[in-house]
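J.: The file below is my_file11.pdb, PDB, C-alpha atoms:
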```pdb
MODEL        1
ATOM      1  CA  MET A  25     -14.086  42.296 -73.924
ATOM      2  CA  MET A  26     -13.416  44.120 -70.682
ATOM      3  CA  ASN A  27     -16.294  42.312 -68.988
ATOM      4  CA  ASN A  28     -14.931  38.956 -70.145
ATOM      5  CA  ARG A  29     -11.525  39.753 -68.675
ATOM      6  CA  MET A  30     -13.040  40.844 -65.392
ATOM      7  CA  GLY A  31     -15.056  37.642 -65.251
ATOM      8  CA  ILE A  32     -11.964  35.556 -65.905
ATOM      9  CA  VAL A  33     -10.046  37.422 -63.170
ATOM     10  CA  LEU A  34     -12.859  36.963 -60.656
ATOM     11  CA  ALA A  35     -13.168  33.288 -61.540
ATOM     12  CA  PHE A  36      -9.418  32.861 -61.114
ATOM     13  CA  ILE A  37      -9.461  34.629 -57.742
ATOM     14  CA  LEU A  38     -12.394  32.512 -56.618
ATOM     15  CA  ALA A  39     -10.633  29.343 -57.765
ATOM     16  CA  VAL A  40      -7.469  30.369 -55.904
ATOM     17  CA  ALA A  41      -9.500  31.110 -52.757
ATOM     18  CA  VAL A  42     -11.259  27.732 -52.941
ATOM     19  CA  LEU A  43      -7.979  25.934 -53.613
ATOM     20  CA  THR A  44      -6.330  27.760 -50.726
ATOM     21  CA  SER A  45      -9.165  26.836 -48.359
ATOM     22  CA  MET A  46      -8.792  23.225 -49.450
ATOM     23  CA  THR A  47      -5.012  23.352 -49.009
ATOM     24  CA  LEU A  48      -4.553  25.181 -45.706
ATOM     25  CA  PHE A  49      -6.016  24.241 -42.323
ATOM     26  CA  THR A  50      -5.454  25.271 -38.702
ATOM     27  CA  VAL A  51      -4.982  23.206 -35.558
ATOM     28  CA  ASP A  52      -6.103  24.651 -32.226
ATOM     29  CA  GLN A  53      -3.912  24.234 -29.143
ATOM     30  CA  ARG A  54      -6.693  22.176 -27.575
ATOM     31  CA  GLU A  55      -6.739  19.710 -30.472
ATOM     32  CA  ARG A  56      -4.750  17.019 -32.220
ATOM     33  CA  ALA A  57      -5.163  16.464 -35.958
ATOM     34  CA  ILE A  58      -4.647  13.452 -38.204
ATOM     35  CA  VAL A  59      -4.033  13.972 -41.919
ATOM     36  CA  PHE A  60      -5.430  11.136 -44.040
ATOM     37  CA  GLN A  61      -4.322  10.421 -47.587
ATOM     38  CA  LEU A  62      -6.714   8.256 -49.545
ATOM     39  CA  GLY A  63      -8.067   6.833 -46.263
ATOM     40  CA  GLU A  64      -4.687   6.032 -44.713
ATOM     41  CA  VAL A  65      -3.084   7.913 -41.822
ATOM     42  CA  LYS A  66      -0.435  10.158 -43.339
ATOM     43  CA  GLU A  67       0.550  12.440 -40.452
ATOM     44  CA  VAL A  68      -0.366  13.270 -36.831
ATOM     45  CA  ILE A  69      -0.131  16.978 -36.036
ATOM     46  CA  THR A  70       0.301  17.990 -32.395
ATOM     47  CA  ASN A  71       1.639  21.544 -32.877
ATOM     48  CA  PRO A  72      -1.023  24.262 -33.079
ATOM     49  CA  GLY A  73      -1.002  26.690 -35.988
ATOM     50  CA  LEU A  74      -1.457  26.841 -39.769
ATOM     51  CA  HIS A  75      -0.719  23.655 -41.755
ATOM     52  CA  PHE A  76      -0.778  22.442 -45.372
ATOM     53  CA  LYS A  77      -2.477  19.468 -47.029
ATOM     54  CA  TRP A  78      -3.000  18.347 -50.584
ATOM     55  CA  PRO A  79      -6.505  19.027 -51.787
ATOM     56  CA  PHE A  80      -8.770  16.221 -52.991
ATOM     57  CA  ILE A  81      -6.414  13.434 -51.893
ATOM     58  CA  GLN A  82      -5.917  14.447 -48.253
ATOM     59  CA  ASN A  83      -8.403  15.245 -45.483
ATOM     60  CA  VAL A  84      -8.073  16.170 -41.808
ATOM     61  CA  ARG A  85      -9.799  14.836 -38.692
ATOM     62  CA  TYR A  86      -9.580  16.563 -35.328
ATOM     63  CA  PHE A  87      -9.440  15.016 -31.830
ATOM     64  CA  ASP A  88      -9.877  16.738 -28.469
ATOM     65  CA  ALA A  89      -6.577  16.960 -26.549
ATOM     66  CA  ARG A  90      -8.090  18.293 -23.306
ATOM     67  CA  ILE A  91      -8.742  16.269 -20.151
ATOM     68  CA  LEU A  92     -12.146  14.647 -20.583
ATOM     69  CA  THR A  93     -14.556  13.368 -17.948
ATOM     70  CA  LEU A  94     -16.356  10.049 -18.022
ATOM     71  CA  ASP A  95     -19.204  10.273 -15.530
ATOM     72  CA  THR A  96     -21.284   7.151 -14.991
ATOM     73  CA  PRO A  97     -25.017   8.008 -15.077
ATOM     74  CA  ASP A  98     -26.042   5.094 -12.842
ATOM     75  CA  ALA A  99     -24.477   3.485  -9.796
ATOM     76  CA  GLU A 100     -22.804   0.126 -10.314
ATOM     77  CA  ARG A 101     -23.288  -2.739  -7.869
ATOM     78  CA  TYR A 102     -20.155  -4.358  -6.430
ATOM     79  CA  ILE A 103     -19.642  -7.186  -3.956
ATOM     80  CA  THR A 104     -17.074  -6.989  -1.158
ATOM     81  CA  SER A 105     -15.011  -9.793   0.343
ATOM     82  CA  GLU A 106     -17.796 -10.171   2.939
ATOM     83  CA  LYS A 107     -20.278 -10.900   0.132
ATOM     84  CA  LYS A 108     -22.081  -7.630   0.798
ATOM     85  CA  ASN A 109     -23.402  -5.319  -1.914
ATOM     86  CA  LEU A 110     -22.244  -1.769  -2.518
ATOM     87  CA  LEU A 111     -23.755   0.807  -4.867
ATOM     88  CA  VAL A 112     -20.933   2.969  -6.228
ATOM     89  CA  ASP A 113     -20.874   6.070  -8.455
ATOM     90  CA  THR A 114     -17.554   6.838 -10.134
ATOM     91  CA  PHE A 115     -16.047   9.307 -12.541
ATOM     92  CA  VAL A 116     -12.876   9.059 -14.639
ATOM     93  CA  LYS A 117     -10.567  11.787 -15.930
ATOM     94  CA  TRP A 118      -8.804  10.818 -19.173
ATOM     95  CA  ARG A 119      -7.106  12.317 -22.218
ATOM     96  CA  ILE A 120      -5.775  11.260 -25.624
ATOM     97  CA  ILE A 121      -1.990  10.915 -25.662
ATOM     98  CA  ASP A 122      -1.494   9.057 -28.949
ATOM     99  CA  ALA A 123      -3.952  10.178 -31.632
ATOM    100  CA  ARG A 124      -2.768   7.583 -34.165
ATOM    101  CA  GLN A 125      -3.219   4.668 -31.755
ATOM    102  CA  TYR A 126      -6.481   6.151 -30.524
ATOM    103  CA  TYR A 127      -7.902   6.310 -34.040
ATOM    104  CA  LYS A 128      -6.794   2.783 -34.932
ATOM    105  CA  SER A 129      -8.095   1.262 -31.666
ATOM    106  CA  VAL A 130     -11.409   2.993 -31.009
ATOM    107  CA  GLY A 131     -11.856   5.754 -33.559
ATOM    108  CA  ASP A 132     -14.129   8.060 -31.566
ATOM    109  CA  GLU A 133     -14.922   9.278 -28.050
ATOM    110  CA  ALA A 134     -18.000   7.101 -27.494
ATOM    111  CA  ARG A 135     -16.091   3.865 -28.124
ATOM    112  CA  ALA A 136     -13.181   5.082 -26.041
ATOM    113  CA  GLU A 137     -15.470   5.787 -23.081
ATOM    114  CA  THR A 138     -17.075   2.369 -23.436
ATOM    115  CA  ARG A 139     -13.649   0.718 -23.312
ATOM    116  CA  ILE A 140     -12.510   2.822 -20.348
ATOM    117  CA  SER A 141     -15.760   2.209 -18.469
ATOM    118  CA  GLN A 142     -15.461  -1.550 -18.931
ATOM    119  CA  THR A 143     -11.847  -1.536 -17.746
ATOM    120  CA  VAL A 144     -12.531   0.599 -14.678
ATOM    121  CA  ASN A 145     -15.613  -1.416 -13.691
ATOM    122  CA  ALA A 146     -13.775  -4.714 -14.016
ATOM    123  CA  THR A 147     -10.851  -3.427 -11.946
ATOM    124  CA  LEU A 148     -13.143  -1.981  -9.271
ATOM    125  CA  ARG A 149     -15.073  -5.225  -9.088
ATOM    126  CA  GLU A 150     -11.859  -7.177  -8.586
ATOM    127  CA  GLU A 151     -10.460  -4.783  -5.963
ATOM    128  CA  PHE A 152     -13.703  -4.491  -4.003
ATOM    129  CA  GLY A 153     -13.858  -8.269  -3.918
ATOM    130  CA  LYS A 154     -10.567  -8.253  -1.969
ATOM    131  CA  HIS A 155     -11.672  -5.759   0.701
ATOM    132  CA  THR A 156     -14.325  -5.409   3.374
ATOM    133  CA  VAL A 157     -17.016  -2.743   3.520
ATOM    134  CA  GLN A 158     -15.190  -0.966   6.312
ATOM    135  CA  GLU A 159     -11.986  -0.806   4.261
ATOM    136  CA  VAL A 160     -13.880   0.587   1.261
ATOM    137  CA  VAL A 161     -15.499   3.430   3.246
ATOM    138  CA  SER A 162     -12.412   4.207   5.365
ATOM    139  CA  GLU A 163      -9.014   5.720   4.577
ATOM    140  CA  ASP A 164      -8.055   2.482   2.761
ATOM    141  CA  ARG A 165     -10.214   3.701  -0.122
ATOM    142  CA  ASP A 166      -7.393   5.941  -1.382
ATOM    143  CA  VAL A 167      -5.108   2.927  -1.664
ATOM    144  CA  ILE A 168      -7.794   0.981  -3.541
ATOM    145  CA  MET A 169      -8.380   3.836  -5.990
ATOM    146  CA  LYS A 170      -4.665   4.195  -6.616
ATOM    147  CA  VAL A 171      -4.474   0.527  -7.636
ATOM    148  CA  VAL A 172      -7.542   0.923  -9.855
ATOM    149  CA  ARG A 173      -6.090   4.015 -11.547
ATOM    150  CA  GLU A 174      -2.732   2.373 -12.243
ATOM    151  CA  ARG A 175      -4.244  -0.827 -13.653
ATOM    152  CA  ALA A 176      -6.810   1.034 -15.744
ATOM    153  CA  ASN A 177      -4.074   3.281 -17.120
ATOM    154  CA  LEU A 178      -2.064   0.261 -18.295
ATOM    155  CA  ASP A 179      -5.025  -0.952 -20.339
ATOM    156  CA  ALA A 180      -5.903   2.555 -21.580
ATOM    157  CA  LYS A 181      -2.425   3.051 -23.052
ATOM    158  CA  GLN A 182      -3.243   0.285 -25.540
ATOM    159  CA  ILE A 183      -5.823   2.578 -27.131
ATOM    160  CA  GLY A 184      -3.672   5.732 -26.941
ATOM    161  CA  VAL A 185      -5.347   7.096 -23.804
ATOM    162  CA  ALA A 186      -4.009   8.069 -20.347
ATOM    163  CA  ILE A 187      -6.154   7.732 -17.210
ATOM    164  CA  ILE A 188      -5.559  10.867 -15.154
ATOM    165  CA  ASP A 189      -7.728   9.983 -12.169
ATOM    166  CA  VAL A 190     -10.447   7.634 -10.946
ATOM    167  CA  ARG A 191     -12.642   8.771  -8.067
ATOM    168  CA  LEU A 192     -15.676   7.563  -6.170
ATOM    169  CA  LYS A 193     -18.477  10.106  -6.030
ATOM    170  CA  ARG A 194     -20.693   8.126  -3.709
ATOM    171  CA  VAL A 195     -20.766   4.782  -1.950
ATOM    172  CA  ASP A 196     -24.209   3.663  -0.817
ATOM    173  CA  LEU A 197     -24.809   0.694   1.422
ATOM    174  CA  PRO A 198     -28.004  -1.323   1.693
ATOM    175  CA  GLN A 199     -29.787  -0.561   4.947
ATOM    176  CA  GLU A 200     -28.820  -3.802   6.663
ATOM    177  CA  VAL A 201     -25.188  -3.357   5.667
ATOM    178  CA  SER A 202     -25.194   0.270   6.811
ATOM    179  CA  ASP A 203     -26.503  -0.657  10.243
ATOM    180  CA  SER A 204     -23.904  -3.368  10.787
ATOM    181  CA  VAL A 205     -21.041  -1.163   9.572
ATOM    182  CA  TYR A 206     -22.093   1.788  11.711
ATOM    183  CA  LYS A 207     -22.522  -0.418  14.779
ATOM    184  CA  ARG A 208     -19.067  -1.889  14.277
ATOM    185  CA  MET A 209     -17.530   1.537  13.814
ATOM    186  CA  GLU A 210     -19.371   2.787  16.910
ATOM    187  CA  ALA A 211     -18.080  -0.168  18.942
ATOM    188  CA  GLU A 212     -14.525   0.500  17.768
ATOM    189  CA  ARG A 213     -14.773   4.199  18.633
ATOM    190  CA  LYS A 214     -16.132   3.321  22.082
ATOM    191  CA  SER A 215     -13.259   0.883  22.584
ATOM    192  CA  VAL A 216     -10.754   3.583  21.678
ATOM    193  CA  ALA A 217     -12.512   6.071  23.962
ATOM    194  CA  ASN A 218     -12.483   3.609  26.871
ATOM    195  CA  GLN A 219      -8.808   2.928  26.322
ATOM    196  CA  LEU A 220      -8.042   6.648  26.329
ATOM    197  CA  ARG A 221     -10.084   7.108  29.507
ATOM    198  CA  SER A 222      -8.222   4.222  31.157
ATOM    199  CA  GLU A 223      -4.859   5.673  30.176
ATOM    200  CA  GLY A 224      -5.958   9.080  31.438
ATOM    201  CA  ALA A 225      -7.091   7.648  34.787
ATOM    202  CA  ALA A 226      -3.774   5.800  35.176
ATOM    203  CA  ALA A 227      -1.849   8.965  34.369
ATOM    204  CA  SER A 228      -4.011  10.892  36.855
ATOM    205  CA  GLU A 229      -3.292   8.394  39.640
ATOM    206  CA  ARG A 230       0.409   8.469  38.865
ATOM    207  CA  ILE A 231       0.512  12.264  38.929
ATOM    208  CA  ARG A 232      -1.534  12.351  42.148
ATOM    209  CA  ALA A 233       0.792   9.828  43.814
ATOM    210  CA  GLU A 234       3.846  11.811  42.774
ATOM    211  CA  ALA A 235       2.233  15.016  44.089
ATOM    212  CA  ASP A 236       1.384  13.352  47.428
ATOM    213  CA  LYS A 237       4.931  12.078  47.685
ATOM    214  CA  GLU A 238       6.359  15.515  47.003
ATOM    215  CA  ARG A 239       3.935  17.026  49.546
ATOM    216  CA  GLU A 240       5.088  14.592  52.243
ATOM    217  CA  VAL A 241       8.723  15.357  51.466
ATOM    218  CA  ILE A 242       8.076  19.105  51.584
ATOM    219  CA  ILE A 243       6.186  18.819  54.906
ATOM    220  CA  ALA A 244       8.906  16.630  56.387
ATOM    221  CA  ASN A 245      11.624  19.052  55.319
ATOM    222  CA  ALA A 246       9.602  21.984  56.638
ATOM    223  CA  TYR A 247       9.038  20.231  60.005
ATOM    224  CA  LYS A 248      12.719  19.413  60.199
ATOM    225  CA  GLU A 249      13.647  23.029  59.506
ATOM    226  CA  ALA A 250      11.052  24.276  62.014
ATOM    227  CA  GLN A 251      12.414  21.974  64.719
ATOM    228  CA  ARG A 252      15.906  23.165  63.965
ATOM    229  CA  ILE A 253      14.901  26.804  64.215
ATOM    230  CA  LYS A 254      12.877  26.096  67.350
ATOM    231  CA  GLY A 255      15.848  24.303  68.897
ATOM    232  CA  GLU A 256      18.096  27.220  68.100
ATOM    233  CA  GLY A 257      15.524  29.586  69.645
ATOM    234  CA  ASP A 258      15.200  27.481  72.763
ATOM    235  CA  ALA A 259      18.972  27.350  73.052
ATOM    236  CA  LYS A 260      19.229  31.114  72.729
ATOM    237  CA  ALA A 261      16.411  31.575  75.276
ATOM    238  CA  ALA A 262      18.095  29.193  77.713
ATOM    239  CA  ALA A 263      21.366  31.034  77.224
ATOM    240  CA  ALA A 264      19.607  34.342  77.875
ATOM    241  CA  TYR A 265      17.962  32.949  81.012
ATOM    242  CA  ALA A 266      21.261  31.533  82.234
ATOM    243  CA  GLN A 267      22.982  34.843  81.632
ATOM    244  CA  ALA A 268      20.253  36.731  83.468
ATOM    245  CA  TYR A 269      20.359  34.267  86.362
ATOM    246  CA  GLY A 270      24.097  34.592  86.577
ATOM    247  CA  GLN A 271      23.934  38.371  86.816
ATOM    248  CA  ASN A 272      21.242  38.524  89.561
ATOM    249  CA  ALA A 273      19.762  35.318  90.834
ATOM    250  CA  GLU A 274      17.268  36.995  93.169
ATOM    251  CA  PHE A 275      15.898  39.294  90.449
ATOM    252  CA  TYR A 276      15.671  36.380  88.062
ATOM    253  CA  SER A 277      13.727  34.358  90.648
ATOM    254  CA  PHE A 278      11.435  37.363  91.233
ATOM    255  CA  TYR A 279      10.828  37.836  87.503
ATOM    256  CA  ARG A 280      10.012  34.184  86.966
ATOM    257  CA  SER A 281       7.608  34.253  89.930
ATOM    258  CA  LEU A 282       5.766  37.230  88.436
ATOM    259  CA  GLU A 283       5.370  35.341  85.184
ATOM    260  CA  ALA A 284       4.022  32.375  87.116
ATOM    261  CA  TYR A 285       1.526  34.637  88.943
ATOM    262  CA  ARG A 286       0.412  36.192  85.665
ATOM    263  CA  SER A 287      -0.155  32.798  84.074
ATOM    264  CA  SER A 288      -1.945  31.380  87.124
ATOM    265  CA  PHE A 289      -4.308  34.254  87.935
ATOM    266  CA  LYS A 290      -5.252  35.554  84.491
ATOM    267  CA  ASP A 291      -8.621  33.782  84.731
ATOM    268  CA  ARG A 292     -10.767  34.423  87.822
ATOM    269  CA  SER A 293     -12.209  30.955  87.656
ATOM    270  CA  ASP A 294      -8.819  29.396  88.274
ATOM    271  CA  VAL A 295      -8.456  27.621  91.635
ATOM    272  CA  LEU A 296      -5.155  26.767  93.357
ATOM    273  CA  VAL A 297      -5.017  24.560  96.411
ATOM    274  CA  LEU A 298      -1.776  25.399  98.202
ATOM    275  CA  GLU A 299      -0.534  25.770 101.779
ATOM    276  CA  PRO A 300      -0.214  29.393 102.946
ATOM    277  CA  ASN A 301       3.475  28.998 103.651
ATOM    278  CA  SER A 302       4.181  27.571 100.213
ATOM    279  CA  GLU A 303       7.205  28.816  98.272
ATOM    280  CA  PHE A 304       4.832  29.897  95.527
ATOM    281  CA  PHE A 305       3.643  32.863  97.614
ATOM    282  CA  LYS A 306       6.989  33.986  98.966
ATOM    283  CA  TYR A 307       6.942  37.227  96.886
ATOM    284  CA  LEU A 308       3.304  37.993  97.918
ATOM    285  CA  LYS A 309       3.976  38.049 101.689
ATOM    286  CA  GLY A 310       5.203  41.616 101.621
ATOM    287  CA  PRO A 311       8.401  43.588 101.004
ATOM    288  CA  GLY A 312      11.485  41.701 101.964
ATOM    289  CA  LYS A 313       9.579  38.479 102.675
ATOM    290  CA  GLY A 314      10.852  36.772  99.599
ATOM    291  CA  SER A 315      14.467  36.983 100.715
ATOM    292  CA  LYS A 316      13.926  35.202 103.964
TER     293      LYS A 316
ENDMDL
END
```
Go ahead and express the file in the form of structure tokens.
T.:
Amino acid sequence: MMNNRMGIVLAFILAVAVLTSMTLFTVDQRERAIVFQLGEVKEVITNPGLHFKWPFIQNVRYFDARILTLDTPDAERYITSEKKNLLVDTFVKWRIIDARQYYKSVGDEARAETRISQTVNATLREEFGKHTVQEVVSEDRDVIMKVVRERANLDAKQIGVAIIDVRLKRVDLPQEVSDSVYKRMEAERKSVANQLRSEGAAASERIRAEADKEREVIIANAYKEAQRIKGEGDAKAAAAYAQAYGQNAEFYSFYRSLEAYRSSFKDRSDVLVLEPNSEFFKYLKGPGKGSK
């Protein structure tokens, strides 16, 4: 009897455990869950934690709520406005924002990626067809990718998905296209360099002309100041000579004659042709001769 009771208790506990496992379920913070009742969507659960469902008539399906990456395995070929081919590798960042709409529209990740890939490729093809190769490989690429992201996101919202980002991993050009693009870019860079050199040479000439002008002004002012100082010196010297002459005319005449002798005979090779009774020698004739 005791064994039968123990068996009944164990069976009851087991039944309760099984029923509990069929009734309770958990939702991770990285997931979204949809509760189905007899095949129809009953509830979408976005809050993580422990939740309840009716056993046998309800079941749960989980969807990833993290940002997912769609990475194209092969490069796609696009044609630019110049009718030139480009080989482009892209990747897309996307996430589920409406689990109910996502389930009704695509149902699983593989179909969602197929839809997103088709939308992004079509948008890229249209945008590349409006731009040149140079615009695609230059800073205009960011503008192009912004347009692609916004347009792809509008379509993705119809399946409950948000496009977070669309980026180009690599843009390859056929060899003939690469050569023409690089030559054009090289020519443009040379044109810019020549323009900068021309502007630099013009600035150099302007600075040099201004410096020469300032130099001439400085020299002229310095010469003017020198002449003024020299004039003042000559005036002071003349005043000193006049004062000395006024005090003693004979001594002044004697002093000036000595200076003339010193200047004339400082070099032995100097030759003077003068008459012996010339006034130049009046102070060399002997004491008292100069006064006669």
J.: For the file shown, what are the residues hit by the PyMOL selection byres ((chain A and resi 140) around 9), laid out as an NGL selection string?
T.: :A and (94 or 116 or 118 or 135-139 or 141-145 or 176 or 179-180 or 187)
J.: I need the residue set behind the PyMOL selection byres ((chain A and resi 72-81) around 12) for this file; please write it as a ChimeraX atom specification.
T.: /A:42-71,82-84,86,89
J.: With the PyMOL selection byres ((chain A and resi 112) around 8) as the selection, what would be picked from this file? Answer as a PyMOL selection string, please.
T.: chain A and resi 99-102+110-111+113-114+192-196
J.: Between A:Gly184, A:Ala284, A:Arg213, A:Ala261, which has the minimum distance to A:Lys128 (counting all atoms listed in the file)?
T.: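 Result for the nearest residue to A:Lys128: A:Gly184.
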J.: For a test of reading the model, state the distance in Å between atom CA of A:Glu223 and atom CA of A:Glu240, rounded to one decimal.
T.: 25.8 Å
J.: Could you please determine the separation between atom CA of A:Gly131 and atom CA of A:Ala146 in Å, to one decimal place?
T.: 22.3 Å
J.: For A:Lys107, please output as a PyMOL selection string all residues within 10 Å (counting all atoms listed in the file; exclusion window: fewer than 6 positions along the same chain).
T.: chain A and resi 153+156-157
J.: Select, from A:Asp88, A:Glu106, A:Glu249, A:Asp236, the residue with the minimum atom-to-atom distance to A:Lys154, counting all atoms listed in the file.
T.: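 Smallest distance to A:Lys154 is found for A:Glu106.
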J.: Just to confirm, what's the straight-line distance from atom CA of A:Val185 to atom CA of A:Tyr126 in Å (one decimal)?
T.: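 Distance reported for this atom pair: 6.9 Å.
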